[in-house]
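Data file: entry.txt. Format and content: compact mmCIF, C-alpha atoms.
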# COMPACT_ATOMS: atom_id res chain seq x y z
CA MET T 9 -38.13 186.84 126.26
CA LYS T 10 -38.52 183.29 127.48
CA ASP T 11 -40.54 182.30 124.41
CA LYS T 12 -37.92 183.78 122.12
CA VAL T 13 -35.16 181.93 123.98
CA ARG T 14 -37.18 178.71 123.79
CA GLN T 15 -37.42 179.08 120.01
CA ILE T 16 -33.67 179.58 119.83
CA VAL T 17 -32.93 176.57 122.04
CA LEU T 18 -35.33 174.37 120.07
CA ALA T 19 -33.80 175.49 116.77
CA SER T 20 -30.35 174.64 118.12
CA CYS T 21 -31.60 171.22 119.23
CA ARG T 22 -33.07 170.59 115.79
CA GLU T 23 -29.73 171.62 114.28
CA HIS T 24 -28.04 169.07 116.54
CA ASN T 25 -30.48 166.34 115.48
CA ASP T 26 -29.82 167.12 111.81
CA VAL T 27 -26.11 166.40 112.08
CA SER T 28 -25.82 163.92 114.92
CA GLU T 29 -26.53 160.25 115.39
CA THR T 30 -27.84 160.84 118.91
CA ARG T 31 -31.20 162.58 118.90
CA ILE T 32 -32.67 164.98 121.40
CA ASP T 33 -36.30 164.01 122.01
CA ILE T 34 -37.65 167.44 121.15
CA GLY T 35 -41.20 166.08 121.15
CA SER T 36 -41.00 165.73 124.94
CA GLY T 37 -40.87 169.51 125.22
CA ASP T 38 -39.31 171.04 128.30
CA GLU T 39 -38.78 167.60 129.83
CA ALA T 40 -36.54 166.39 126.99
CA ALA T 41 -33.29 165.21 128.58
CA LEU T 42 -30.12 166.82 127.27
CA PHE T 43 -27.16 166.00 129.51
CA GLY T 44 -26.82 163.67 132.45
CA ILE T 45 -29.11 160.75 133.31
CA GLY T 46 -31.02 159.71 130.20
CA GLY T 47 -29.61 162.66 128.27
CA ALA T 48 -29.01 162.51 124.54
CA LEU T 49 -25.76 164.45 124.60
CA ASP T 50 -22.24 163.47 125.49
CA SER T 51 -19.93 166.19 126.79
CA ILE T 52 -18.67 167.15 123.32
CA ALA T 53 -22.17 167.38 121.90
CA LEU T 54 -23.20 169.50 124.90
CA VAL T 55 -20.33 171.91 124.19
CA SER T 56 -21.49 172.25 120.58
CA LEU T 57 -25.11 172.83 121.63
CA ILE T 58 -24.13 175.50 124.16
CA VAL T 59 -21.99 177.27 121.58
CA ALA T 60 -24.84 177.08 119.05
CA VAL T 61 -27.29 178.60 121.55
CA GLU T 62 -24.81 181.36 122.51
CA GLN T 63 -24.25 182.24 118.86
CA ALA T 64 -27.96 182.21 118.06
CA ILE T 65 -28.66 184.47 121.05
CA GLU T 66 -26.01 186.83 119.76
CA ALA T 67 -27.30 186.74 116.19
CA GLU T 68 -31.00 187.09 116.97
CA LEU T 69 -31.04 189.13 120.18
CA ASP T 70 -27.69 190.92 119.81
CA VAL T 71 -26.76 189.88 123.33
CA LEU T 72 -23.45 188.27 124.27
CA VAL T 73 -23.95 185.59 126.90
CA THR T 74 -21.67 183.00 128.43
CA LEU T 75 -23.73 179.98 129.38
CA ALA T 76 -21.03 177.64 130.66
CA ASP T 77 -19.43 179.64 133.44
CA ASP T 78 -18.87 179.26 137.18
CA LYS T 79 -22.45 180.30 137.79
CA ALA T 80 -23.74 177.40 135.71
CA ALA T 81 -21.43 174.96 137.46
CA SER T 82 -22.55 176.13 140.90
CA GLN T 83 -26.28 175.62 140.28
CA LYS T 84 -27.90 173.01 142.55
CA THR T 85 -29.25 171.24 139.49
CA SER T 86 -27.51 171.45 136.15
CA PRO T 87 -28.97 174.05 133.79
CA PHE T 88 -28.13 171.65 130.97
CA ARG T 89 -30.12 168.62 132.13
CA THR T 90 -33.27 169.30 130.07
CA ILE T 91 -34.51 171.64 127.37
CA GLY T 92 -36.67 173.40 129.97
CA ALA T 93 -33.74 173.92 132.34
CA LEU T 94 -31.62 175.28 129.50
CA VAL T 95 -34.38 177.67 128.45
CA GLU T 96 -34.79 178.92 132.04
CA TYR T 97 -31.09 179.40 132.57
CA THR T 98 -30.45 181.02 129.19
CA THR T 99 -33.36 183.42 129.70
CA ALA T 100 -31.94 184.43 133.09
CA CYS T 101 -28.50 185.01 131.54
CA VAL T 102 -29.94 187.13 128.73
CA GLU T 103 -32.01 189.23 131.13
CA GLU T 104 -29.04 189.70 133.43
CA GLU T 105 -26.90 190.83 130.51
CA LEU T 106 -29.58 193.23 129.29
CA SER T 107 -30.01 194.77 132.73
CA ALA T 108 -26.22 195.14 133.07
CA ASP T 109 -26.16 197.11 129.82
CA ASP T 110 -28.84 199.55 131.04
CA MET R 67 -15.49 180.21 96.30
CA THR R 68 -15.07 182.89 98.96
CA GLU R 69 -11.66 184.20 99.92
CA PRO R 70 -9.91 182.74 102.99
CA VAL R 71 -10.64 184.68 106.16
CA THR R 72 -7.64 185.23 108.39
CA LEU R 73 -7.44 186.90 111.77
CA ILE R 74 -4.07 188.08 113.00
CA THR R 75 -3.50 189.72 116.38
CA GLY R 76 -0.92 192.44 116.90
CA THR R 77 -0.98 193.77 113.35
CA ARG R 78 0.13 197.34 114.04
CA LYS R 79 3.83 196.53 113.66
CA GLY R 80 6.50 193.86 113.52
CA ILE R 81 5.72 190.29 112.55
CA GLY R 82 1.95 190.78 112.76
CA ARG R 83 2.09 193.73 110.38
CA PHE R 84 4.23 191.71 107.97
CA LEU R 85 1.91 188.70 108.07
CA ALA R 86 -1.15 190.89 107.50
CA GLY R 87 0.48 192.42 104.42
CA HIS R 88 1.42 189.01 103.10
CA TYR R 89 -2.01 187.44 103.48
CA LEU R 90 -3.72 190.51 102.04
CA ALA R 91 -1.46 190.15 99.01
CA GLN R 92 -2.49 186.49 98.82
CA GLY R 93 -6.14 187.54 98.52
CA HIS R 94 -7.27 186.77 102.05
CA ARG R 95 -9.80 188.84 103.87
CA VAL R 96 -7.74 189.87 106.90
CA TYR R 97 -8.95 191.02 110.29
CA GLY R 98 -6.37 192.48 112.64
CA CYS R 99 -6.16 194.10 116.01
CA SER R 100 -3.85 195.98 118.29
CA ARG R 101 -4.16 198.46 121.11
CA GLN R 102 -3.68 201.34 118.70
CA GLU R 103 -4.65 202.19 115.16
CA THR R 104 -2.77 200.72 112.22
CA ASP R 105 -1.57 202.25 108.99
CA ILE R 106 -2.69 199.23 106.99
CA ASP R 107 -5.06 200.58 104.37
CA ALA R 108 -6.54 197.87 102.20
CA PRO R 109 -10.11 197.12 101.13
CA ASN R 110 -9.87 193.58 102.46
CA TYR R 111 -8.50 194.62 105.84
CA ARG R 112 -10.42 195.58 108.93
CA HIS R 113 -8.76 196.70 112.13
CA PHE R 114 -10.01 196.58 115.70
CA CYS R 115 -8.41 198.63 118.48
CA LEU R 116 -8.54 196.49 121.58
CA ASP R 117 -6.64 194.84 124.38
CA VAL R 118 -6.48 191.13 123.55
CA SER R 119 -7.17 190.23 127.18
CA ASP R 120 -10.39 192.29 127.31
CA GLU R 121 -13.02 189.56 127.05
CA ARG R 122 -15.94 191.80 126.14
CA ALA R 123 -13.98 193.63 123.47
CA VAL R 124 -12.72 190.36 122.02
CA ARG R 125 -16.20 188.86 121.94
CA ARG R 126 -17.54 191.99 120.23
CA MET R 127 -14.79 191.70 117.64
CA PHE R 128 -15.70 188.09 116.87
CA SER R 129 -19.34 189.03 116.73
CA ARG R 130 -18.44 191.60 114.08
CA ILE R 131 -16.38 189.08 112.12
CA ARG R 132 -19.21 186.58 112.23
CA LYS R 133 -21.64 189.17 110.89
CA ASP R 134 -19.20 190.45 108.23
CA ALA R 135 -17.52 187.31 106.97
CA GLY R 136 -19.75 184.57 108.36
CA HIS R 137 -16.81 182.32 109.06
CA LEU R 138 -13.14 182.22 109.99
CA ASP R 139 -10.47 179.98 108.49
CA HIS R 140 -7.25 181.04 110.18
CA LEU R 141 -6.21 182.58 113.47
CA VAL R 142 -2.64 183.73 114.02
CA ASN R 143 -2.12 184.68 117.66
CA ASN R 144 0.88 186.93 117.19
CA ALA R 145 0.19 189.64 119.79
CA GLY R 146 2.55 189.47 122.70
CA ILE R 147 4.55 191.55 125.12
CA ALA R 148 7.87 190.87 126.77
CA SER R 149 9.39 191.78 130.09
CA MET R 150 13.14 191.44 130.29
CA ASN R 151 14.32 191.92 133.81
CA HIS R 152 15.73 189.91 136.68
CA ALA R 153 12.92 188.08 138.49
CA LEU R 154 13.83 189.82 141.75
CA LEU R 155 13.20 193.16 140.10
CA THR R 156 10.00 192.26 138.29
CA PRO R 157 6.85 193.82 139.78
CA LEU R 158 3.79 191.61 140.04
CA SER R 159 1.89 194.10 137.88
CA THR R 160 4.39 193.47 135.07
CA ALA R 161 4.06 189.70 135.43
CA GLN R 162 0.28 190.08 135.38
CA ALA R 163 0.36 192.23 132.25
CA VAL R 164 2.59 189.73 130.43
CA PHE R 165 0.33 186.82 131.32
CA ASP R 166 -2.80 188.80 130.47
CA THR R 167 -1.61 189.55 126.96
CA ASN R 168 0.36 186.42 126.13
CA VAL R 169 -1.70 183.73 127.83
CA MET R 170 -5.19 185.10 128.46
CA GLY R 171 -5.22 186.91 125.12
CA THR R 172 -4.18 183.76 123.27
CA PHE R 173 -6.74 181.72 125.17
CA LEU R 174 -9.59 184.14 124.47
CA PHE R 175 -8.85 184.32 120.76
CA CYS R 176 -8.49 180.54 120.48
CA ARG R 177 -11.79 180.03 122.28
CA GLU R 178 -13.78 182.50 120.21
CA ALA R 179 -12.14 181.47 116.94
CA ALA R 180 -12.87 177.81 117.60
CA LYS R 181 -16.54 178.63 118.16
CA LEU R 182 -16.65 180.07 114.65
CA MET R 183 -14.47 177.40 113.07
CA GLN R 184 -16.27 174.38 114.52
CA LYS R 185 -19.40 175.20 112.54
CA GLN R 186 -17.54 174.67 109.27
CA SER R 187 -15.46 171.74 110.62
CA PHE R 188 -12.29 173.49 109.53
CA GLY R 189 -9.84 175.83 111.14
CA ARG R 190 -6.19 176.60 111.56
CA ILE R 191 -4.82 178.22 114.70
CA VAL R 192 -1.19 179.25 115.06
CA ASN R 193 0.04 180.48 118.43
CA PHE R 194 3.31 182.21 119.16
CA ILE R 195 5.75 180.72 121.62
CA SER R 196 9.41 181.65 122.07
CA VAL R 197 12.89 180.20 122.23
CA ALA R 198 13.09 181.91 125.62
CA SER R 199 11.28 178.88 127.09
CA PRO R 200 13.43 175.94 125.95
CA LEU R 201 16.61 178.02 126.38
CA HIS R 202 15.57 179.06 129.91
CA LEU R 203 16.84 182.56 129.27
CA GLU R 204 17.91 184.46 132.36
CA GLY R 205 16.11 187.74 132.74
CA GLU R 206 13.02 186.45 130.98
CA ALA R 207 11.44 184.31 133.69
CA VAL R 208 7.96 185.76 133.35
CA TYR R 209 8.01 186.00 129.56
CA ALA R 210 9.39 182.47 129.16
CA ALA R 211 6.85 181.10 131.64
CA SER R 212 4.01 182.79 129.75
CA LYS R 213 5.18 181.24 126.49
CA SER R 214 5.44 177.81 128.13
CA ALA R 215 1.82 178.27 129.14
CA VAL R 216 0.93 179.08 125.53
CA GLN R 217 2.69 175.93 124.36
CA THR R 218 0.74 173.77 126.80
CA LEU R 219 -2.46 175.57 125.84
CA THR R 220 -1.67 174.78 122.21
CA GLN R 221 -1.17 171.09 122.93
CA VAL R 222 -4.35 170.69 124.97
CA LEU R 223 -6.46 172.71 122.54
CA ALA R 224 -5.17 170.56 119.69
CA ARG R 225 -6.75 167.58 121.42
CA GLU R 226 -9.95 169.36 122.37
CA LEU R 227 -10.50 170.80 118.90
CA GLY R 228 -9.14 168.03 116.68
CA HIS R 229 -12.50 166.40 116.07
CA TYR R 230 -13.85 169.73 114.78
CA GLY R 231 -11.21 169.72 112.04
CA ILE R 232 -9.33 172.52 113.78
CA THR R 233 -5.56 172.24 114.08
CA VAL R 234 -3.62 174.16 116.72
CA ASN R 235 0.12 174.61 116.40
CA ALA R 236 2.82 176.98 117.57
CA VAL R 237 5.76 178.79 116.06
CA GLY R 238 8.70 179.80 118.23
CA PRO R 239 10.71 182.60 116.71
CA THR R 240 14.31 183.32 117.57
CA PRO R 241 15.05 187.03 117.97
CA VAL R 242 13.66 188.93 114.98
CA GLU R 243 14.38 192.63 114.50
CA THR R 244 11.21 194.03 116.03
CA ASP R 245 10.24 196.34 118.87
CA LEU R 246 9.87 193.30 121.13
CA ILE R 247 13.64 192.94 121.43
CA ARG R 248 14.55 196.62 121.01
CA ASN R 249 15.74 196.92 124.60
CA VAL R 250 17.65 193.65 124.78
CA PRO R 251 21.42 194.30 125.04
CA LYS R 252 23.42 193.32 121.94
CA ASP R 253 25.74 190.97 123.86
CA LYS R 254 22.73 189.10 125.20
CA ILE R 255 21.35 188.65 121.69
CA GLU R 256 24.74 187.40 120.50
CA LYS R 257 24.96 184.86 123.33
CA LEU R 258 21.49 183.68 122.46
CA LEU R 259 22.34 183.27 118.79
CA GLU R 260 25.35 181.14 119.78
CA ARG R 261 22.97 178.65 121.39
CA GLN R 262 21.01 178.16 118.17
CA ALA R 263 21.94 175.45 115.66
CA ILE R 264 21.90 178.18 113.03
CA GLY R 265 23.36 181.27 114.63
CA ARG R 266 21.65 184.17 112.95
CA MET R 267 18.77 186.51 113.65
CA GLY R 268 15.41 185.36 112.40
CA THR R 269 13.42 187.25 109.80
CA CYS R 270 9.75 187.82 109.25
CA ASP R 271 10.03 185.55 106.21
CA ASP R 272 11.30 182.74 108.46
CA VAL R 273 8.22 183.13 110.63
CA LEU R 274 5.94 183.33 107.60
CA ASN R 275 7.37 180.09 106.21
CA ILE R 276 6.30 178.19 109.33
CA VAL R 277 2.95 179.93 109.70
CA ASP R 278 2.22 179.22 106.04
CA PHE R 279 2.94 175.53 106.56
CA PHE R 280 0.57 175.31 109.51
CA LEU R 281 -2.20 177.19 107.66
CA ARG R 282 -2.11 175.03 104.56
CA LYS R 283 -5.21 172.92 103.88
CA GLU R 284 -2.85 169.97 103.39
CA SER R 285 -1.60 170.35 106.98
CA ASP R 286 -4.80 168.81 108.35
CA PHE R 287 -2.82 166.00 110.02
CA VAL R 288 -0.40 168.40 111.70
CA THR R 289 -1.53 169.58 115.10
CA SER R 290 -0.18 170.12 118.63
CA GLN R 291 3.24 170.84 117.14
CA SER R 292 5.76 173.49 118.10
CA ILE R 293 8.39 174.56 115.60
CA TYR R 294 11.25 176.64 116.91
CA MET R 295 13.34 178.60 114.45
CA GLY R 296 17.11 178.32 114.21
CA GLY R 297 17.37 174.74 115.46
CA VAL R 298 16.35 175.45 119.05
CA CYS R 299 14.61 172.57 120.75

structure tokens encoding of this file:
Amino acid sequence: MKDKVRQIVLASCREHNDVSETRIDIGSGDEAALFGIGGALDSIALVSLIVAVEQAIEAELDVLVTLADDKAASQKTSPFRTIGALVEYTTACVEEELSADD
Amino acid sequence: MTEPVTLITGTRKGIGRFLAGHYLAQGHRVYGCSRQETDIDAPNYRHFCLDVSDERAVRRMFSRIRKDAGHLDHLVNNAGIASMNHALLTPLSTAQAVFDTNVMGTFLFCREAAKLMQKQSFGRIVNFISVASPLHLEGEAVYAASKSAVQTLTQVLARELGHYGITVNAVGPTPVETDLIRNVPKDKIEKLLERQAIGRMGTCDDVLNIVDFFLRKESDFVTSQSIYMGGVC
């Protein structure tokens, strides 16, 4: 699941880079900074990326997830700080949603 | 060029039903919803039975629209319920139900619609407010408060969504002959009409005229606005 989510996150990042002046350093892999210190995204761009990931998860995995909720805000470290953190957090949300549906 | 895609809530009857019929006749692909089934039977219409404040159901509906149509041009948040009673006699459960449908429902649909619209950098959202708010109508404390919340929601969303090319505006009908005002005493309606600049009942066509203006492509510089019918302000 994590690999599939990583592909989705990376595709969404590439989509962002195609239309935005600020570029996510995808080449840095999981360490690529998204939001916060050294991050490529401002708050509006982060919103768009989160929505893009949510929609891609829905389209490709048929799972409805909400990534920016109270749970995300209450994490010790932001799940949106790097690509790796976003992949981890999104995978956890997808798995939680799938287990809730069982 | 594909046909415009329009989502209207509360299409089973009243203003929502009228608007759905109009936009179907205009060649739009129309998606509608209400708690119960509708009698609208048109090839370009698809109905969803749901409670507009049920987040999962709403998200499933948008998922379906995204798969079917691929995009959304217009959202008309018409669904609403009223509670006309003295505040001292209004149960909390009634207040909760009014806010769930009018405020939470509007919020959910705006949020999910904007997610679809932002991808195409175009969208028109029209919310429904009411003259009950600016006229501070006695007996409608909860309803009027819920519509004030929708107006504020409209104004803030207009700012949050403006850079995506999405406009968010509101129409505030006067009383229109629908089920929503069926139980309002006649003398109360007459007193209300006296407070309007133009003292007559509204019609569905009056509402349509304003909705149409907000939905127009040319209205891309019109956002965060509230238009009340009948000269109420």

Next on the checklist: At a cut-off of 8 Å, which residues of chain R touch chain T? Count all atoms listed in the file and give the answer as a ChimeraX atom specification.
Outcome noted: /R:125,129,181

Those same residues - C-alpha atoms - I'd like them written as a tab-separated table (two decimals), in the frame of the given file.
chain	number	residue	atom	x	y	z
R	125	ARG	CA	-16.20	188.86	121.94
R	129	SER	CA	-19.34	189.03	116.73
R	181	LYS	CA	-16.54	178.63	118.16

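Every protein or nucleic acid residue with an atom no more than 12 Å from stretch 77-80 of chain T, counting all atoms listed in the file and leaving out same-chain residues fewer than 4 positions away, appears here: T:Ile58, T:Val73, T:Lys84, T:Thr85, T:Ser86, T:Pro87, T:Phe88, T:Arg89, T:Ala93, T:Leu94, T:Glu96, T:Tyr97, T:Thr98, T:Ala100, T:Cys101.
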
Output for the residues just chosen: C-alpha atoms as a compact mmCIF listing (two decimals), in the coordinates of the input:
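What follows is the written file again.txt:
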# COMPACT_ATOMS: atom_id res chain seq x y z
CA ILE T 58 -24.13 175.50 124.16
CA VAL T 73 -23.95 185.59 126.90
CA LYS T 84 -27.90 173.01 142.55
CA THR T 85 -29.25 171.24 139.49
CA SER T 86 -27.51 171.45 136.15
CA PRO T 87 -28.97 174.05 133.79
CA PHE T 88 -28.13 171.65 130.97
CA ARG T 89 -30.12 168.62 132.13
CA ALA T 93 -33.74 173.92 132.34
CA LEU T 94 -31.62 175.28 129.50
CA GLU T 96 -34.79 178.92 132.04
CA TYR T 97 -31.09 179.40 132.57
CA THR T 98 -30.45 181.02 129.19
CA ALA T 100 -31.94 184.43 133.09
CA CYS T 101 -28.50 185.01 131.54

Next on the checklist: Between atom CA of R:Phe279 and atom CA of R:Ile191, what is the distance in Å, rounded to a tenth?
Outcome noted: 11.6 Å

Item to check | Point-to-point distance in Å for atom CA of R:Gly76 and atom CA of R:Ser199 | outcome: 20.9 Å

Show which residues sit within 8 Å of R:Tyr111, as a compact mmCIF listing (two decimals) with C-alpha atoms, in the frame of the given file. Count only C-alpha atoms, and ignore same-chain residues fewer than 2 positions away.
# COMPACT_ATOMS: atom_id res chain seq x y z
CA LEU R 90 -3.72 190.51 102.04
CA ARG R 95 -9.80 188.84 103.87
CA VAL R 96 -7.74 189.87 106.90
CA TYR R 97 -8.95 191.02 110.29
CA GLY R 98 -6.37 192.48 112.64
CA ILE R 106 -2.69 199.23 106.99
CA ASP R 107 -5.06 200.58 104.37
CA ALA R 108 -6.54 197.87 102.20
CA PRO R 109 -10.11 197.12 101.13
CA HIS R 113 -8.76 196.70 112.13

Item to check | R:Ser149, R:Asn144, R:Ser100, R:Gln184 ranked by distance to R:Gly231, top pick (using all atoms listed in the file) | outcome: R:Gln184

Around stretch 64-81 of chain T, fit a box with edges along x, y and z, padding it by 5 Å on each side, then list its centre and edge lengths in Å to one decimal as AutoDock Vina command-line options.
--center_x -25.0 --center_y 182.9 --center_z 127.0 --size_x 22.2 --size_y 26.0 --size_z 31.6

Checklist entry - Which residues, written as an MDAnalysis selection string, have at least one atom at most 12 Å from R:Lys254, with all atoms listed in the file counted and residues fewer than 3 positions away on the same chain left out? => result chainID R and resid 150 203:206 241 247:251 257:261

Item to check | Two-atom distance - atom CA of T:Asp11, atom CA of T:Ser51 (Å) | outcome: 26.3 Å

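You can rank T:Val61, T:Arg22, T:Ser107, T:Leu42 by their closest distance to T:Ala76 using only C-alpha atoms, and at the top of that list sits T:Val61.
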
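Between T:Phe43 and the candidates T:Thr90, T:Thr74, T:Thr99, T:Asn25, the tightest atom-to-atom separation, counting all atoms listed in the file, involves T:Thr90.
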
Using only C-alpha atoms, collect all residues at a distance of at most 7 Å from (-5.1, 177.7, 120.3) as written in the file, then present them as a JSON list (two decimals) with C-alpha atoms, in the frame of the given file.
[["chain", "number", "residue", "atom", "x", "y", "z"],
["R", 172, "THR", "CA", -4.18, 183.76, 123.27],
["R", 173, "PHE", "CA", -6.74, 181.72, 125.17],
["R", 176, "CYS", "CA", -8.49, 180.54, 120.48],
["R", 191, "ILE", "CA", -4.82, 178.22, 114.70],
["R", 192, "VAL", "CA", -1.19, 179.25, 115.06],
["R", 193, "ASN", "CA", 0.04, 180.48, 118.43],
["R", 219, "LEU", "CA", -2.46, 175.57, 125.84],
["R", 220, "THR", "CA", -1.67, 174.78, 122.21],
["R", 223, "LEU", "CA", -6.46, 172.71, 122.54],
["R", 234, "VAL", "CA", -3.62, 174.16, 116.72]]

Checklist entry - Nearest to T:Cys21: which of T:Val95, T:Leu75, T:Ala108, T:Ala81 is it, counting all atoms listed in the file? => result T:Val95

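Of the listed residues T:Val17, T:Ile91, T:Ile65, T:Val27, the one whose atoms come nearest to T:Ala41 is T:Ile91, with distances taken using only C-alpha atoms.
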
Next on the checklist: So that I can check the surroundings of R:Val164, please list as JSON, numbers by chain every protein, DNA and RNA residue that reaches within 9 Å of it, counting all atoms listed in the file and ignoring chain neighbours fewer than 6 positions away.
Outcome noted: {"R": [146, 147, 148, 149, 208, 209, 212]}

Take the residues that were just selected and, keeping C-alpha atoms, output them as a compact mmCIF listing (two decimals), in the coordinates of the input.
# COMPACT_ATOMS: atom_id res chain seq x y z
CA GLY R 146 2.55 189.47 122.70
CA ILE R 147 4.55 191.55 125.12
CA ALA R 148 7.87 190.87 126.77
CA SER R 149 9.39 191.78 130.09
CA VAL R 208 7.96 185.76 133.35
CA TYR R 209 8.01 186.00 129.56
CA SER R 212 4.01 182.79 129.75

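Distances to R:Gln186 were evaluated for R:His137, R:Pro157, R:Val169, R:Gln162 using all atoms listed in the file, and the minimum falls at R:His137.
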
Coordinates of stretch 153-228 of chain R, C-alpha atoms, as a PDB file, in the first residue's frame:
ATOM      1  CA  ALA R 153     -37.008  30.962  20.715  1.00  0.00           C
ATOM      2  CA  LEU R 154     -38.279  29.993  24.169  1.00  0.00           C
ATOM      3  CA  LEU R 155     -40.224  27.152  22.613  1.00  0.00           C
ATOM      4  CA  THR R 156     -37.540  25.911  20.245  1.00  0.00           C
ATOM      5  CA  PRO R 157     -35.944  22.597  21.259  1.00  0.00           C
ATOM      6  CA  LEU R 158     -32.194  22.298  20.885  1.00  0.00           C
ATOM      7  CA  SER R 159     -32.722  19.333  18.574  1.00  0.00           C
ATOM      8  CA  THR R 160     -34.649  21.610  16.192  1.00  0.00           C
ATOM      9  CA  ALA R 161     -31.917  24.248  16.293  1.00  0.00           C
ATOM     10  CA  GLN R 162     -29.337  21.540  15.629  1.00  0.00           C
ATOM     11  CA  ALA R 163     -31.288  20.165  12.674  1.00  0.00           C
ATOM     12  CA  VAL R 164     -31.651  23.633  11.128  1.00  0.00           C
ATOM     13  CA  PHE R 165     -27.940  24.341  11.463  1.00  0.00           C
ATOM     14  CA  ASP R 166     -27.008  20.877  10.210  1.00  0.00           C
ATOM     15  CA  THR R 167     -28.953  21.314   6.989  1.00  0.00           C
ATOM     16  CA  ASN R 168     -28.543  25.027   6.343  1.00  0.00           C
ATOM     17  CA  VAL R 169     -24.997  25.642   7.524  1.00  0.00           C
ATOM     18  CA  MET R 170     -23.171  22.312   7.633  1.00  0.00           C
ATOM     19  CA  GLY R 171     -24.853  21.145   4.438  1.00  0.00           C
ATOM     20  CA  THR R 172     -23.906  24.337   2.620  1.00  0.00           C
ATOM     21  CA  PHE R 173     -20.366  24.125   3.953  1.00  0.00           C
ATOM     22  CA  LEU R 174     -19.909  20.495   2.908  1.00  0.00           C
ATOM     23  CA  PHE R 175     -21.184  21.094  -0.608  1.00  0.00           C
ATOM     24  CA  CYS R 176     -19.062  24.232  -1.024  1.00  0.00           C
ATOM     25  CA  ARG R 177     -15.975  22.384   0.167  1.00  0.00           C
ATOM     26  CA  GLU R 178     -16.412  19.356  -2.070  1.00  0.00           C
ATOM     27  CA  ALA R 179     -17.506  21.424  -5.074  1.00  0.00           C
ATOM     28  CA  ALA R 180     -14.500  23.707  -4.734  1.00  0.00           C
ATOM     29  CA  LYS R 181     -12.190  20.687  -4.758  1.00  0.00           C
ATOM     30  CA  LEU R 182     -13.608  19.757  -8.163  1.00  0.00           C
ATOM     31  CA  MET R 183     -13.778  23.303  -9.488  1.00  0.00           C
ATOM     32  CA  GLN R 184     -10.255  24.357  -8.520  1.00  0.00           C
ATOM     33  CA  LYS R 185      -8.757  21.860 -10.958  1.00  0.00           C
ATOM     34  CA  GLN R 186     -10.341  23.688 -13.889  1.00  0.00           C
ATOM     35  CA  SER R 187      -9.788  27.161 -12.365  1.00  0.00           C
ATOM     36  CA  PHE R 188     -13.465  27.937 -12.804  1.00  0.00           C
ATOM     37  CA  GLY R 189     -16.539  27.612 -10.685  1.00  0.00           C
ATOM     38  CA  ARG R 190     -19.700  29.337  -9.623  1.00  0.00           C
ATOM     39  CA  ILE R 191     -21.255  28.755  -6.217  1.00  0.00           C
ATOM     40  CA  VAL R 192     -24.574  30.278  -5.191  1.00  0.00           C
ATOM     41  CA  ASN R 193     -25.740  29.897  -1.601  1.00  0.00           C
ATOM     42  CA  PHE R 194     -29.183  30.615  -0.237  1.00  0.00           C
ATOM     43  CA  ILE R 195     -29.651  33.149   2.518  1.00  0.00           C
ATOM     44  CA  SER R 196     -32.910  34.756   3.621  1.00  0.00           C
ATOM     45  CA  VAL R 197     -34.552  38.088   4.289  1.00  0.00           C
ATOM     46  CA  ALA R 198     -35.258  36.673   7.747  1.00  0.00           C
ATOM     47  CA  SER R 199     -31.714  37.721   8.738  1.00  0.00           C
ATOM     48  CA  PRO R 200     -31.619  41.433   7.818  1.00  0.00           C
ATOM     49  CA  LEU R 201     -35.263  41.856   8.889  1.00  0.00           C
ATOM     50  CA  HIS R 202     -34.581  40.143  12.242  1.00  0.00           C
ATOM     51  CA  LEU R 203     -37.888  38.331  12.011  1.00  0.00           C
ATOM     52  CA  GLU R 204     -39.409  37.356  15.329  1.00  0.00           C
ATOM     53  CA  GLY R 205     -40.111  33.665  15.578  1.00  0.00           C
ATOM     54  CA  GLU R 206     -37.252  32.795  13.250  1.00  0.00           C
ATOM     55  CA  ALA R 207     -34.256  33.223  15.540  1.00  0.00           C
ATOM     56  CA  VAL R 208     -32.643  29.905  14.693  1.00  0.00           C
ATOM     57  CA  TYR R 209     -33.448  30.019  10.989  1.00  0.00           C
ATOM     58  CA  ALA R 210     -32.269  33.625  10.644  1.00  0.00           C
ATOM     59  CA  ALA R 211     -29.085  32.875  12.579  1.00  0.00           C
ATOM     60  CA  SER R 212     -28.358  29.887  10.334  1.00  0.00           C
ATOM     61  CA  LYS R 213     -28.765  32.049   7.239  1.00  0.00           C
ATOM     62  CA  SER R 214     -26.486  34.728   8.712  1.00  0.00           C
ATOM     63  CA  ALA R 215     -23.916  31.981   9.123  1.00  0.00           C
ATOM     64  CA  VAL R 216     -24.354  31.039   5.466  1.00  0.00           C
ATOM     65  CA  GLN R 217     -23.831  34.660   4.442  1.00  0.00           C
ATOM     66  CA  THR R 218     -20.584  34.885   6.407  1.00  0.00           C
ATOM     67  CA  LEU R 219     -19.513  31.525   5.009  1.00  0.00           C
ATOM     68  CA  THR R 220     -20.181  32.882   1.530  1.00  0.00           C
ATOM     69  CA  GLN R 221     -18.064  35.982   2.128  1.00  0.00           C
ATOM     70  CA  VAL R 222     -15.095  34.105   3.580  1.00  0.00           C
ATOM     71  CA  LEU R 223     -15.211  31.372   0.942  1.00  0.00           C
ATOM     72  CA  ALA R 224     -15.258  34.038  -1.761  1.00  0.00           C
ATOM     73  CA  ARG R 225     -11.874  35.185  -0.478  1.00  0.00           C
ATOM     74  CA  GLU R 226     -10.474  31.700   0.005  1.00  0.00           C
ATOM     75  CA  LEU R 227     -11.557  30.490  -3.424  1.00  0.00           C
ATOM     76  CA  GLY R 228     -11.150  33.636  -5.521  1.00  0.00           C
TER      77      GLY R 228
END
